[in-house]
Structures are given as C-alpha cells and as structure tokens.
Amino acid sequence: MHKEFLMGNEAIALGALAAGVNVVAGYPGTPSTEVLESATKYGDGRAYVEWSTNEKAAMEVAAGAAYAGARCLVTCKQVGLNVAADPLMSLEYIGVKGGLVVMVADDPGPISSQTEQDTRTFAQFAKVPVFDPSSVREAYEMVQAAFALSEREHTPVILRATTRVDHGYEAIDVADRDEWQSHDVEGFVRDAARWVIFPRLSVANHAKIEQRNARLSQEFSRCAHNFVEGIACGDVRRGIATHGINYAYVREALGGMEGHENTPVLKVGTPFPFPQDLAVEFLAGLDEVLCVEELDPVLERALLQACGRHGLKTSVRGKLSGDIPPSGENTVDSVRAAVASFLGVENTRTTEADASAPQLPVRPPVLCAGCPHRASFYAVKKAMQGKKTIFCGDIGCYTLGNAHPLDMVDTCLCMGAGITIAQGVCHVEPDTACFAFVGDSTFFASGITGVVNAYYNQADLTVVVLDNSTTAMTGHQPHPGTGRTMMGQVVEAVSIEAVLRGIGLTTVETINPFDHERAVQTVRRVSSEPGVKAIIFKSPCVMLARPQATSVVDVSRCVGCRRCIRELGCPALSFEDGKARIDETQCSGCTLCEQVCPVGAIGGGERL
Amino acid sequence: MRDSIILCGVGGQGTVLASRLLSTAAVLRNVPVKAAETIGMAQRGGSVTSHVRIGENVSSPLIGHGDADLLMAFEPAEAVRQLAYLKPGGTAVVSTRPIIPVSATTGGPAYDLDAILGYLQDRVERLVVVDANAAASELGTARVLNVVLLGAALNAGALSMGKQDIRDAIRARLPERFHELNLKALDYTDNK
C-alpha cells in the first residue's frame, strides 16, 4: 500500500488494474475519459486497452473477452451507455464468465452532456447491479468490489460515478503494483445453451436474474458501502437518506449545524438492488426522512415503496415532494439550505447574488483561436449566403459553431444524428440545401451508417466532414482515422474519403478550410450537385499543430470596420482605440482574419 | 495546515497546475487534501473553477459559499463571479489583466474593467492585486502567472502553509527544466 493523490477516474483505473483487469474498452466522453487513459498510463501493457469506435463496439469487445474468462472494464459517459444499451440489455440475460464492469460517468447539471439521465435508473431497467461511489477512495474500493461481484454472480455490474467524483481528487491508499491480482484467461468454452440468446433461454434466465437480485438486495443491506450513522433525537425524529457526492455535502451541512451533527443518515452505495432491509430499519425509527439526491428520485421512490410494503408512517420527502430541485446539480450550498429547512435550523448563509455587483461578461465556451472549424463554418456560410439552407450539427468541439457570430449549427441531437436529421429534412423540404457537419471521430462512431442510409435512400444533402485528425473535445484521443492505437501501435489509418467513395458517393472533395476563397468555391460547386456528396475539410486541431507565427494588425491601415471581429468571433480578436487588436498569446497565425480584412491590414500569419 | 482555496479564471489559464501545486504541498506534508476541477467543454474559453481543501475532517471536495480562506483569481471578472465563496475577512489575490470574451465584442454584455476592479476594492477587505502584464514582461513569459499568484497569496499570509511547502511542491511536481523559472515566479511579488 502507498498513498497517492489521484483524480477519481485515475482511482477507478487503478482499482481495475488492482483487480486484475485484462481488457479495457471505451469511447471518450466527459466526465469518463480519464479512466481508460489512466488504465493505459498505469497499466503499462498489463491489460489490452482500446478506444473503440463507439460504446456499442466497446461493450461487445468486452463481452467477447469476458465470455472467454477475461476481466473487462468498459468506460463511457451516460449518453454513451445509450449507444451500448442494445448489447448490455441482452448481456444481462446471457451473463459473463470473467468479471465485466461498466464504468458509466453521469453528469448532473449537465456540465458537458445532452441529458441528465440517471444510470441508477438505467441499471434498474437493465436489471444490472450498480455501485454509486461517494468519494475518490470509495470509487477505488467499489470498482474492485464490482469485479468480485460480477465474477461471482456471472453478471455485468455497473459502477456509475458523477462528475464530482470522477473529477474530484483525493490522497488515498492504493495497492502497490506487486499487490495487483493477476488473472489468467481460461478461454472460450463452446456451449450453445449458454452463449446463444433465444427466447426460451431468455425467459429461464429472466427468472434467475429476479431471484438473484432479490438475494443481492438482502446481501447489500450488510454491505460496507451502505450504512446508517447517527441517532435520532427530539420530538420529531428526522433523518436524511443520500448517496454519492451528496453524502459529502450532507456531512458538511450537518457538521456546521450545532446540535444536529448526529442526525441519522442512510448512505446508499448500491442503489440497485436496493438494500431494502437496511432501509426499513432506518425508516422504522424515524418520523420524517429527507432524500438528498441528484438526477432521479431513486432513493425517494425506494423508500416510499418500503413504507408502503411495511406499513410505515414515516414521511418521505425529496424531489417528488418539492424539497429538493427536480433537475440540475446539487451544491454544498443547495444541500445546506435544504437540510437546514428540513431540520428547522436557520441558514445564515446567503446564496443570493449581490444585486450591486457590476455586470459581468458571459463566457460560453468558444472555438479556439486558430480552430480550423471556424474556417470551415465560415466558408460554408459565405458560399450559401442568401440560399435556403439548414445546417445540422453534431457532437464535438464543432457544436460551438452555433455561437454568434458564426450561427452555423441549426440542430444538434446525439452522436451521428446530424446526417440523418439532414436527410429527414431533405425528404420533406426539397427546396432546402441540407448540410450535415460531422467530426472525424463522430463520423467513425456513428456517422457512417447515416451516410449509407442517406445515400441508399436517395437523399439530397452535403456531408461536411470536419477532419482535425483527433477527438478534440475530450482531450485528443486517437480514432481509426489517426493511425495510432492505445496499445502504442502505428497502423494503417482508415481513410474517410475511401469510406465515402466505398459507400458509393462520387463527389468527395478534400480541402484545407484556411484556403478561404477556394473553400467557398468548393462548397458552392459540391453542394449544387444532386444526391449525397461530401466535402472533407482537413486541417489539424490547433492544439496539436503548434503555431508557426502570429498575425498582426497594421494599425496605420486598419480602418476600424470591425469586419474581422463581426464575421469570425475569434477569441484572439478584440477592438481597442478604434482598431482591431490581436492577442498574440492566443493567435496561432491561421490567416483567416487576414483573408477577411477588406483593406489588407492584417498580416504575419502562416497557413499550415 | 488547514485551508480552503478557490482558484478561478478562464479555461487555458493554468488554474489546474496551481491547484495541483497546493495539493502536492499538502500531500508532501502528509496532510489530507481533497480537490475538484472543471474539466470539459468549459476549458474552451469558459469560466473555470478549482476547489482545494486541505486539512483533517473534510468531507466535501467542493467548498460552500462563504467558506473559502483564499480566492485566487486569474482574471478580474472571474474574481467577481466567484466572490461569494470567500469567507468574511478572507483574502482575494486577483490578476488585473482582463480576458475579454468574444461575446463582449459581438453584442453580449460589455466588459467594464473599472467597475469590476472598483467593486473588488469596495468589497474585499484583504485584496491583493497582481499586474500580470508586468509580471509576464519581467519574467519573460505569461505561463507562470499561476505561480506568481501563489507567491502573492503566501506573501499576504493568506495560507497556513509556507513558501517552502510550495517550493517543495514545484520540485516534486514539475520537470526540472522549469524549476528555476517557477521558483523565481514564486518570489516575484516579494518586493512589490
């Protein structure tokens, strides 16, 4: 054992390595990404690690390896679990031989996601046991407990953590490398009655799953990750039920309320199967319970159900009763306020904004200075000016193309949807020029099926692939177009252009978006052709390609028209003393503003 | 050691490294530490905040409003945005160099630097301002603003740890070729 200061996601990776994980597969997505990266960094070749093309592929790779007896970890964010839902739902019925843990990162807020879905609810729906850590240390312990449970019960197990645990840091005790378990893989044993899903097998296994989960519910009432602490006192006996990072917020709140430090707290680390017996013991001694939870009212519903089943008169409050906000992320302050109100304690802290504070600028995230996506969006915008258009966006940095002044993302739904949404529009609105912007990683993840669908079903649209040679938003992970794997191999990259031509597209043009005039001409020419056609804007992410030079405004020539600022929205450009100004610490010399300036007052950049 | 620190700024300014140095300083002295970072979309020019909590019996890595001993702001508007975290009598160390977002030049709320600095002066009893431009030109780089601010906080007596703790953290955490520059940055505000 030794102490290390770790991010929650690093702790999860180290816990999996300590549990002898053989295979790690996932798809990047905030706040889950660092788990797989850390498994690579710390594992040092002990486990096979891959960034899969998407979460469904990752889940199936892991399932296959687990059939053969390997211990496997799948990593994804909550919306990634939707992509992997098909294999996971069936895998629960088939089961596994080697332990299979699915690490899912939930994102209350949401801070970097499309939805506020709760993987505790998903686990219940999928009948899969789920662990919910409240700290970095507990995440480290739980991933090991999850592997043990998975292998013992032959079921996938979910470890779901929320952003504040994933991206929280703590100095914790971790196993030394020589204390890590090593796990030998037995190999796949042919057994059609076990590995081939058929309705008859499903109904038989369904019954076993329900029995097992009932048994696990009892077992979990004695699990160290579920506990009750504190003693009720006073005329009205009040207690708090909580989970995850909210447990830390509740402890902070109670610690600051004199006389209430010992308020009974039920902390649930295994929301499914729910530790019913422990919950009933907790409820039986109390008149009122406040459920402090994030995302869905999972504990609240379980406690209400327990009260009904056991005829308890305890009043259960939380999200359903309006005592806890139904959406959004809880904070130390919001939990303190809710607990104070529940216990009848005065909350002296004010969380109201100071009305006398000066107006502050807003800082929505923006495309970086020098980002090639800005040039691509601007080229399409210029080329299609005055025409009836729709610009369907997708998931990645380039979603930020929606911001003013580009205003180039009309829709964004989920990974890969832009292409098929554009197709839907083209079938009912034939006079509209339909564009679908898709990033290179998203293209491989789920764009290809959309292009096949659109091409075969005779759609009329332009696919614009924004190829920056990386998965930029999540921190530059490799994908099949990059020619690198997580095992450190340099391999033949999959060519996006060849894929598009292989599908049958005859017009596929690759161009550097920073060559502005040519890019505009290309968009005009390509988009005017019938059927499905594609433009690949190829230029590396500015965070990967080091800037060569910076652009400079010649103030004697700048006429102060603000065109560069108004048109591009580049964070390196500002306006000072009647002239445009370029922040040299941000500028990468991409030359886009030089090409936009009507009087040639900007120079010095160098197009890559 | 017992400190609750909020670090705030704009994505890309180096708040994460400053928070890591504070945490490392605690780890090196065997003092418990918890922290939380903004990672993800906000790193693209959005507002970012780090929380660091050092000391025994800390439950939450996140700090509540009115609980921070020190607010270390890499940008003045961000200092105002996160000021509610500072406890009464706490110290704010603020870089006065504004980072003006695209939105302020394309029709969004304007950036009024004088109003922002004036508000901080009125509201924060123990305010330490750092001229980041001067520091960058004297030290030859804007990259070490994080360590300059740490040095200013230590000089203001805002932390229960000492300068030696951060020196050790710099040596433990950073590649050797950056030691000299960062140690110099740590002392930058000594005679200001």
# chains A, B, ... in the order shown; residues from 1 in each chain; ligands from 1
>>> interface_residues(of="chain B", to="chain A", cutoff="8 Å", atoms="only C-alpha atoms", output="ChimeraX atom specification")
/B:24,27,32-47,58-66,77,80-81,84,100-106,108-112,115-116,119
>>> residues_around(residues="segment 265-272 of chain A", least_positions_apart="6", cutoff="8 Å", atoms="only C-alpha atoms", output="short mmCIF file (atom, residue, chain, number, x, y, z; two decimals) with N, CA and C atoms, in the first residue's frame")
data_model
loop_
_atom_site.label_atom_id
_atom_site.label_comp_id
_atom_site.auth_asym_id
_atom_site.auth_seq_id
_atom_site.Cartn_x
_atom_site.Cartn_y
_atom_site.Cartn_z
N ARG A 120 -28.42 5.07 -12.35
CA ARG A 120 -29.03 4.20 -11.34
C ARG A 120 -30.37 3.69 -11.86
N ALA A 123 -29.74 1.14 -14.62
CA ALA A 123 -29.32 -0.15 -14.08
C ALA A 123 -30.54 -0.96 -13.63
N GLN A 124 -31.48 -0.27 -13.02
CA GLN A 124 -32.72 -0.92 -12.56
C GLN A 124 -33.48 -1.49 -13.75
N VAL A 128 -29.28 -4.72 -13.85
CA VAL A 128 -27.84 -4.88 -13.61
C VAL A 128 -27.48 -4.23 -12.27
N PRO A 129 -26.78 -4.94 -11.38
CA PRO A 129 -26.36 -4.31 -10.12
C PRO A 129 -25.50 -3.08 -10.37
N VAL A 130 -25.65 -2.07 -9.51
CA VAL A 130 -24.92 -0.80 -9.72
C VAL A 130 -24.34 -0.30 -8.40
N PHE A 131 -23.09 0.17 -8.47
CA PHE A 131 -22.42 0.82 -7.34
C PHE A 131 -22.36 2.32 -7.61
N ASP A 132 -22.45 3.11 -6.55
CA ASP A 132 -22.52 4.58 -6.66
C ASP A 132 -21.58 5.19 -5.63
N PRO A 133 -20.32 5.48 -6.01
CA PRO A 133 -19.33 5.94 -5.01
C PRO A 133 -19.56 7.38 -4.56
N SER A 134 -19.18 7.65 -3.29
CA SER A 134 -19.38 8.99 -2.72
C SER A 134 -18.06 9.75 -2.64
N SER A 217 -30.29 -7.89 -2.86
CA SER A 217 -30.88 -6.82 -2.05
C SER A 217 -30.64 -7.11 -0.57
N PHE A 220 -26.90 -6.79 0.19
CA PHE A 220 -26.43 -5.40 0.17
C PHE A 220 -26.81 -4.65 1.46
N HIS A 225 -20.69 -0.51 1.90
CA HIS A 225 -20.96 0.74 1.16
C HIS A 225 -22.36 1.30 1.43
N ASN A 226 -23.18 0.51 2.16
CA ASN A 226 -24.48 1.01 2.60
C ASN A 226 -24.46 1.03 4.12
N PHE A 227 -24.79 2.16 4.70
CA PHE A 227 -24.77 2.19 6.17
C PHE A 227 -25.68 3.29 6.69
N VAL A 228 -25.99 3.13 8.01
CA VAL A 228 -26.74 4.16 8.73
C VAL A 228 -25.83 4.66 9.83
N GLU A 229 -25.75 5.97 9.99
CA GLU A 229 -24.97 6.53 11.10
C GLU A 229 -25.81 7.59 11.80
N GLY A 230 -25.50 7.85 13.06
CA GLY A 230 -26.21 8.87 13.82
C GLY A 230 -27.38 8.31 14.61
N GLY A 239 -34.41 12.12 9.77
CA GLY A 239 -33.19 11.54 9.21
C GLY A 239 -33.04 11.91 7.75
N ILE A 240 -31.86 11.65 7.21
CA ILE A 240 -31.55 12.01 5.82
C ILE A 240 -31.05 10.77 5.08
N ALA A 241 -31.59 10.54 3.88
CA ALA A 241 -31.10 9.47 3.03
C ALA A 241 -30.36 10.11 1.87
N THR A 242 -29.17 9.60 1.55
CA THR A 242 -28.41 10.22 0.48
C THR A 242 -27.46 9.23 -0.18
N HIS A 243 -26.68 9.75 -1.14
CA HIS A 243 -25.86 8.87 -1.98
C HIS A 243 -24.76 9.71 -2.64
N GLY A 244 -23.75 9.04 -3.16
CA GLY A 244 -22.74 9.70 -3.99
C GLY A 244 -22.15 10.93 -3.31
N TYR A 247 -23.58 12.72 -0.26
CA TYR A 247 -23.26 12.30 1.11
C TYR A 247 -22.24 13.27 1.71
N ALA A 279 -32.86 -0.20 4.80
CA ALA A 279 -33.70 0.99 4.67
C ALA A 279 -34.89 0.91 5.63
N PHE A 282 -33.85 1.75 9.09
CA PHE A 282 -33.62 3.21 9.16
C PHE A 282 -34.95 3.94 9.30
N VAL A 298 -34.35 8.22 -7.03
CA VAL A 298 -34.25 6.76 -6.92
C VAL A 298 -34.45 6.30 -5.47
N LEU A 299 -33.74 6.95 -4.54
CA LEU A 299 -33.86 6.56 -3.14
C LEU A 299 -35.25 6.89 -2.62
#
>>> residues_around(residues="Leu71 of chain B", least_positions_apart="5", cutoff="12 Å", atoms="only C-alpha atoms", output="number ranges by chain")
B: 3-9, 15, 19, 49-52, 63, 65-66, 76, 78-95, 120, 124, 126-129, 149-150, 152-153, 158-159
>>> select_by_dssp(residues="segment 41-161 of chain B", states="alpha helix (DSSP H)", output="VMD selection string")
chain B and resid 76 to 81 102 to 105 113 to 123 132 to 139 145 to 155
>>> residues_around(residues="Ala193 of chain A", least_positions_apart="4", cutoff="12 Å", atoms="only C-alpha atoms", output="ChimeraX atom specification")
/A:94,189,197-202,204-205
>>> atom_distance(atom1="atom CA of Val157 of chain A", atom2="atom CA of Pro108 of chain A")
21.4 Å
>>> select_by_dssp(residues="segment 64-241 of chain A", states="strand (DSSP E or B)", output="compact mmCIF listing (two decimals) with N, CA and C atoms, in the first residue's frame")
# COMPACT_ATOMS: atom_id res chain seq x y z
N CYS A 72 -12.97 -7.57 -17.61
CA CYS A 72 -13.09 -6.48 -18.58
C CYS A 72 -13.72 -5.24 -17.97
N LEU A 73 -13.23 -4.10 -18.42
CA LEU A 73 -13.80 -2.82 -18.00
C LEU A 73 -14.24 -2.06 -19.25
N VAL A 74 -15.49 -1.59 -19.22
CA VAL A 74 -16.00 -0.74 -20.30
C VAL A 74 -16.13 0.66 -19.71
N THR A 75 -15.69 1.68 -20.44
CA THR A 75 -15.86 3.04 -19.92
C THR A 75 -16.65 3.90 -20.91
N CYS A 76 -17.56 4.69 -20.37
CA CYS A 76 -18.33 5.60 -21.21
C CYS A 76 -19.03 6.63 -20.34
N LYS A 77 -19.61 7.64 -20.98
CA LYS A 77 -20.44 8.58 -20.24
C LYS A 77 -21.88 8.10 -20.32
N LEU A 100 -17.13 -8.43 -15.59
CA LEU A 100 -17.29 -7.33 -16.54
C LEU A 100 -17.91 -6.15 -15.82
N VAL A 101 -17.15 -5.07 -15.71
CA VAL A 101 -17.64 -3.87 -15.03
C VAL A 101 -17.79 -2.76 -16.07
N VAL A 102 -18.96 -2.11 -16.04
CA VAL A 102 -19.21 -1.00 -16.95
C VAL A 102 -19.11 0.28 -16.12
N MET A 103 -18.08 1.07 -16.39
CA MET A 103 -17.92 2.34 -15.67
C MET A 103 -18.65 3.42 -16.46
N VAL A 104 -19.70 3.96 -15.85
CA VAL A 104 -20.51 4.99 -16.53
C VAL A 104 -20.42 6.28 -15.73
N ALA A 105 -20.07 7.37 -16.40
CA ALA A 105 -19.98 8.66 -15.73
C ALA A 105 -21.25 9.47 -15.99
N ASP A 106 -21.96 9.79 -14.92
CA ASP A 106 -23.16 10.62 -15.03
C ASP A 106 -22.77 12.09 -14.84
N VAL A 130 -25.65 -2.07 -9.51
CA VAL A 130 -24.92 -0.80 -9.72
C VAL A 130 -24.34 -0.30 -8.40
N PHE A 131 -23.09 0.17 -8.47
CA PHE A 131 -22.42 0.82 -7.34
C PHE A 131 -22.36 2.32 -7.61
N VAL A 157 -21.72 -5.68 -14.07
CA VAL A 157 -22.00 -4.79 -12.94
C VAL A 157 -21.63 -3.38 -13.37
N ILE A 158 -22.48 -2.40 -13.02
CA ILE A 158 -22.19 -1.02 -13.37
C ILE A 158 -21.56 -0.29 -12.18
N LEU A 159 -20.51 0.46 -12.45
CA LEU A 159 -20.01 1.42 -11.48
C LEU A 159 -20.36 2.78 -12.08
N ARG A 160 -21.27 3.50 -11.43
CA ARG A 160 -21.59 4.81 -12.00
C ARG A 160 -21.09 5.85 -11.01
N ALA A 161 -20.35 6.82 -11.53
CA ALA A 161 -19.88 7.91 -10.68
C ALA A 161 -20.32 9.20 -11.35
N THR A 162 -20.51 10.24 -10.56
CA THR A 162 -20.89 11.53 -11.14
C THR A 162 -19.64 12.42 -11.25
N GLY A 168 -13.06 14.68 -9.02
CA GLY A 168 -12.59 15.06 -7.69
C GLY A 168 -11.22 14.45 -7.47
N TYR A 169 -10.47 15.01 -6.54
CA TYR A 169 -9.13 14.50 -6.24
C TYR A 169 -9.04 14.20 -4.75
N GLU A 170 -8.25 13.21 -4.42
CA GLU A 170 -8.06 12.87 -3.01
C GLU A 170 -6.76 12.08 -2.88
N ALA A 171 -6.08 12.27 -1.76
CA ALA A 171 -4.90 11.44 -1.49
C ALA A 171 -5.41 10.16 -0.82
N ILE A 172 -5.26 9.02 -1.48
CA ILE A 172 -5.81 7.76 -0.94
C ILE A 172 -4.73 6.66 -0.93
N ASP A 173 -4.98 5.63 -0.13
CA ASP A 173 -4.09 4.48 -0.11
C ASP A 173 -4.43 3.57 -1.29
N VAL A 174 -3.44 3.22 -2.08
CA VAL A 174 -3.66 2.29 -3.20
C VAL A 174 -2.64 1.16 -3.12
N PHE A 227 -24.79 2.16 4.70
CA PHE A 227 -24.77 2.19 6.17
C PHE A 227 -25.68 3.29 6.69
N VAL A 228 -25.99 3.13 8.01
CA VAL A 228 -26.74 4.16 8.73
C VAL A 228 -25.83 4.66 9.83
N GLU A 229 -25.75 5.97 9.99
CA GLU A 229 -24.97 6.53 11.10
C GLU A 229 -25.81 7.59 11.80
N ARG A 238 -36.00 13.00 12.85
CA ARG A 238 -35.74 13.25 11.44
C ARG A 238 -34.43 12.60 11.01
N GLY A 239 -34.41 12.12 9.77
CA GLY A 239 -33.19 11.54 9.21
C GLY A 239 -33.04 11.91 7.75
N ILE A 240 -31.86 11.65 7.21
CA ILE A 240 -31.55 12.01 5.82
C ILE A 240 -31.05 10.77 5.08
N ALA A 241 -31.59 10.54 3.88
CA ALA A 241 -31.10 9.47 3.03
C ALA A 241 -30.36 10.11 1.87
>>> atom_distance(atom1="atom CA of Cys561 of chain A", atom2="atom CA of His516 of chain A")
20.0 Å
>>> residues_around(residues="Asp554 of chain A", least_positions_apart="2", cutoff="10 Å", atoms="only C-alpha atoms", output="PyMOL selection string")
chain A and resi 551-552+556-559+579-581+600-604
>>> residues_around(residues="Ala18 of chain B", least_positions_apart="4", cutoff="7 Å", atoms="only C-alpha atoms", output="PyMOL selection string")
chain B and resi 14+22+146-147
>>> closest_residue(among="A:Met384, A:Ala338, A:Asp407, A:Ser52", to="Arg525 of chain A", atoms="only C-alpha atoms")
A:Met384
>>> atom_distance(atom1="atom CA of Gly393 of chain A", atom2="atom CA of Val465 of chain A")
10.7 Å
>>> residues_around(residues="Gly234 of chain A", least_positions_apart="2", cutoff="12 Å", atoms="only C-alpha atoms", output="list in words")
Ile231, Ala232, Val236, Arg237, Arg238, Gly239, Gly259, His260, Asn262, Thr263, Leu286, Asp287, Glu288, Leu343 and Gly344 of chain A
>>> write_last_selection(atoms="all heavy atoms", output="tab-separated table (two decimals), in the first residue's frame")
chain	number	residue	atom	x	y	z
A	231	ILE	N	-27.94	9.15	15.48
A	231	ILE	CA	-29.04	8.74	16.35
A	231	ILE	C	-30.10	9.84	16.33
A	231	ILE	O	-29.78	11.02	16.43
A	231	ILE	CB	-28.56	8.57	17.82
A	231	ILE	CG1	-27.42	7.54	17.89
A	231	ILE	CG2	-29.71	8.14	18.72
A	231	ILE	CD1	-26.55	7.70	19.12
A	232	ALA	N	-31.34	9.42	16.21
A	232	ALA	CA	-32.43	10.41	16.18
A	232	ALA	C	-32.69	10.94	17.58
A	232	ALA	O	-32.59	10.20	18.56
A	232	ALA	CB	-33.69	9.76	15.63
A	236	VAL	N	-39.71	15.33	17.05
A	236	VAL	CA	-39.90	14.76	15.72
A	236	VAL	C	-38.56	14.15	15.31
A	236	VAL	O	-37.55	14.85	15.26
A	236	VAL	CB	-40.32	15.86	14.71
A	236	VAL	CG1	-40.59	15.24	13.35
A	236	VAL	CG2	-41.53	16.61	15.23
A	237	ARG	N	-38.59	12.85	15.08
A	237	ARG	CA	-37.32	12.17	14.74
A	237	ARG	C	-37.09	12.28	13.23
A	237	ARG	O	-37.86	11.75	12.44
A	237	ARG	CB	-37.39	10.71	15.19
A	237	ARG	CG	-37.52	10.56	16.72
A	237	ARG	CD	-37.99	9.18	17.10
A	237	ARG	NE	-39.25	8.87	16.43
A	237	ARG	CZ	-39.78	7.64	16.36
A	237	ARG	NH1	-39.17	6.62	16.89
A	237	ARG	NH2	-40.93	7.45	15.73
A	238	ARG	N	-36.00	13.00	12.85
A	238	ARG	CA	-35.74	13.25	11.44
A	238	ARG	C	-34.43	12.60	11.01
A	238	ARG	O	-33.46	12.59	11.76
A	238	ARG	CB	-35.64	14.75	11.16
A	238	ARG	CG	-36.93	15.51	11.41
A	238	ARG	CD	-36.84	16.94	10.88
A	238	ARG	NE	-38.11	17.61	11.04
A	238	ARG	CZ	-38.42	18.37	12.07
A	238	ARG	NH1	-37.54	18.55	13.04
A	238	ARG	NH2	-39.61	18.95	12.14
A	239	GLY	N	-34.41	12.12	9.77
A	239	GLY	CA	-33.19	11.54	9.21
A	239	GLY	C	-33.04	11.91	7.75
A	239	GLY	O	-33.97	12.43	7.11
A	259	GLY	N	-25.77	20.80	17.33
A	259	GLY	CA	-26.85	20.01	17.89
A	259	GLY	C	-27.46	19.03	16.90
A	259	GLY	O	-28.25	18.17	17.26
A	260	HIS	N	-27.09	19.15	15.63
A	260	HIS	CA	-27.64	18.26	14.60
A	260	HIS	C	-26.58	17.39	13.94
A	260	HIS	O	-26.87	16.69	12.99
A	260	HIS	CB	-28.37	19.07	13.53
A	260	HIS	CG	-29.58	19.79	14.06
A	260	HIS	ND1	-30.80	19.19	14.17
A	260	HIS	CD2	-29.72	21.04	14.54
A	260	HIS	CE1	-31.67	20.05	14.68
A	260	HIS	NE2	-31.03	21.19	14.93
A	262	ASN	N	-25.37	14.74	14.76
A	262	ASN	CA	-25.65	13.30	14.85
A	262	ASN	C	-26.95	12.87	14.20
A	262	ASN	O	-27.46	11.79	14.47
A	262	ASN	CB	-25.66	12.87	16.33
A	262	ASN	CG	-24.39	12.13	16.68
A	262	ASN	OD1	-23.77	11.53	15.79
A	262	ASN	ND2	-24.00	12.17	17.93
A	263	THR	N	-27.51	13.72	13.39
A	263	THR	CA	-28.75	13.38	12.67
A	263	THR	C	-28.56	12.05	11.91
A	263	THR	O	-27.54	11.87	11.25
A	263	THR	CB	-29.09	14.50	11.66
A	263	THR	OG1	-29.25	15.72	12.39
A	263	THR	CG2	-30.35	14.18	10.88
A	286	LEU	N	-37.88	6.57	12.51
A	286	LEU	CA	-37.96	7.99	12.14
A	286	LEU	C	-39.38	8.43	11.78
A	286	LEU	O	-40.18	7.63	11.26
A	286	LEU	CB	-37.03	8.27	10.95
A	286	LEU	CG	-35.54	8.02	11.21
A	286	LEU	CD1	-34.76	8.11	9.91
A	286	LEU	CD2	-34.98	8.99	12.24
A	287	ASP	N	-39.65	9.71	12.02
A	287	ASP	CA	-40.94	10.28	11.62
A	287	ASP	C	-40.86	10.90	10.24
A	287	ASP	O	-41.79	10.85	9.46
A	287	ASP	CB	-41.36	11.36	12.63
A	287	ASP	CG	-41.50	10.79	14.04
A	287	ASP	OD1	-42.25	9.81	14.18
A	287	ASP	OD2	-40.83	11.30	14.95
A	288	GLU	N	-39.69	11.53	9.95
A	288	GLU	CA	-39.54	12.22	8.66
A	288	GLU	C	-38.16	11.95	8.08
A	288	GLU	O	-37.16	11.97	8.80
A	288	GLU	CB	-39.67	13.75	8.85
A	288	GLU	CG	-41.06	14.20	9.23
A	288	GLU	CD	-41.14	15.71	9.41
A	288	GLU	OE1	-40.13	16.40	9.16
A	288	GLU	OE2	-42.21	16.18	9.82
A	343	LEU	N	-34.52	20.46	8.90
A	343	LEU	CA	-34.30	20.29	10.34
A	343	LEU	C	-34.82	21.48	11.15
A	343	LEU	O	-34.76	21.48	12.37
A	343	LEU	CB	-32.81	20.10	10.62
A	343	LEU	CG	-32.16	18.84	10.05
A	343	LEU	CD1	-30.65	18.84	10.32
A	343	LEU	CD2	-32.79	17.57	10.62
A	344	GLY	N	-35.32	22.52	10.47
A	344	GLY	CA	-35.81	23.70	11.16
A	344	GLY	C	-34.68	24.54	11.75
A	344	GLY	O	-34.84	25.16	12.80
>>> decode(residues="segment 370-387 of chain A", atoms="N, CA and C atoms", output="PDB file, in the first residue's frame")
ATOM      1  N   GLY A 370      -7.678  30.135 -34.052  1.00  0.00           N
ATOM      2  CA  GLY A 370      -6.961  29.252 -34.963  1.00  0.00           C
ATOM      3  C   GLY A 370      -7.633  27.914 -35.210  1.00  0.00           C
ATOM      4  N   CYS A 371      -8.834  27.701 -34.627  1.00  0.00           N
ATOM      5  CA  CYS A 371      -9.530  26.426 -34.826  1.00  0.00           C
ATOM      6  C   CYS A 371      -9.950  26.294 -36.301  1.00  0.00           C
ATOM      7  N   PRO A 372      -9.617  25.167 -36.948  1.00  0.00           N
ATOM      8  CA  PRO A 372      -9.998  25.017 -38.355  1.00  0.00           C
ATOM      9  C   PRO A 372     -11.521  24.961 -38.568  1.00  0.00           C
ATOM     10  N   HIS A 373     -12.256  24.561 -37.526  1.00  0.00           N
ATOM     11  CA  HIS A 373     -13.720  24.500 -37.669  1.00  0.00           C
ATOM     12  C   HIS A 373     -14.304  25.886 -37.990  1.00  0.00           C
ATOM     13  N   ARG A 374     -13.700  26.930 -37.395  1.00  0.00           N
ATOM     14  CA  ARG A 374     -14.197  28.287 -37.660  1.00  0.00           C
ATOM     15  C   ARG A 374     -14.095  28.593 -39.158  1.00  0.00           C
ATOM     16  N   ALA A 375     -12.950  28.229 -39.732  1.00  0.00           N
ATOM     17  CA  ALA A 375     -12.729  28.481 -41.158  1.00  0.00           C
ATOM     18  C   ALA A 375     -13.717  27.670 -42.003  1.00  0.00           C
ATOM     19  N   SER A 376     -13.981  26.421 -41.590  1.00  0.00           N
ATOM     20  CA  SER A 376     -14.902  25.568 -42.354  1.00  0.00           C
ATOM     21  C   SER A 376     -16.321  26.142 -42.312  1.00  0.00           C
ATOM     22  N   PHE A 377     -16.766  26.479 -41.104  1.00  0.00           N
ATOM     23  CA  PHE A 377     -18.117  27.039 -40.968  1.00  0.00           C
ATOM     24  C   PHE A 377     -18.242  28.335 -41.778  1.00  0.00           C
ATOM     25  N   TYR A 378     -17.185  29.150 -41.707  1.00  0.00           N
ATOM     26  CA  TYR A 378     -17.245  30.446 -42.378  1.00  0.00           C
ATOM     27  C   TYR A 378     -17.294  30.264 -43.899  1.00  0.00           C
ATOM     28  N   ALA A 379     -16.571  29.281 -44.400  1.00  0.00           N
ATOM     29  CA  ALA A 379     -16.586  29.023 -45.849  1.00  0.00           C
ATOM     30  C   ALA A 379     -17.987  28.602 -46.303  1.00  0.00           C
ATOM     31  N   VAL A 380     -18.616  27.706 -45.535  1.00  0.00           N
ATOM     32  CA  VAL A 380     -19.955  27.248 -45.914  1.00  0.00           C
ATOM     33  C   VAL A 380     -20.954  28.406 -45.801  1.00  0.00           C
ATOM     34  N   LYS A 381     -20.797  29.189 -44.752  1.00  0.00           N
ATOM     35  CA  LYS A 381     -21.693  30.326 -44.548  1.00  0.00           C
ATOM     36  C   LYS A 381     -21.620  31.297 -45.729  1.00  0.00           C
ATOM     37  N   LYS A 382     -20.389  31.618 -46.131  1.00  0.00           N
ATOM     38  CA  LYS A 382     -20.210  32.556 -47.244  1.00  0.00           C
ATOM     39  C   LYS A 382     -20.752  31.967 -48.550  1.00  0.00           C
ATOM     40  N   ALA A 383     -20.459  30.693 -48.755  1.00  0.00           N
ATOM     41  CA  ALA A 383     -20.860  30.055 -50.018  1.00  0.00           C
ATOM     42  C   ALA A 383     -22.383  29.984 -50.158  1.00  0.00           C
ATOM     43  N   MET A 384     -23.073  29.820 -49.049  1.00  0.00           N
ATOM     44  CA  MET A 384     -24.514  29.577 -49.115  1.00  0.00           C
ATOM     45  C   MET A 384     -25.336  30.811 -48.766  1.00  0.00           C
ATOM     46  N   GLN A 385     -24.672  31.959 -48.597  1.00  0.00           N
ATOM     47  CA  GLN A 385     -25.367  33.193 -48.227  1.00  0.00           C
ATOM     48  C   GLN A 385     -26.539  33.465 -49.174  1.00  0.00           C
ATOM     49  N   GLY A 386     -27.701  33.758 -48.600  1.00  0.00           N
ATOM     50  CA  GLY A 386     -28.864  34.095 -49.413  1.00  0.00           C
ATOM     51  C   GLY A 386     -29.653  32.887 -49.891  1.00  0.00           C
ATOM     52  N   LYS A 387     -29.142  31.666 -49.686  1.00  0.00           N
ATOM     53  CA  LYS A 387     -29.872  30.461 -50.115  1.00  0.00           C
ATOM     54  C   LYS A 387     -30.651  29.884 -48.942  1.00  0.00           C
TER      55      LYS A 387
END
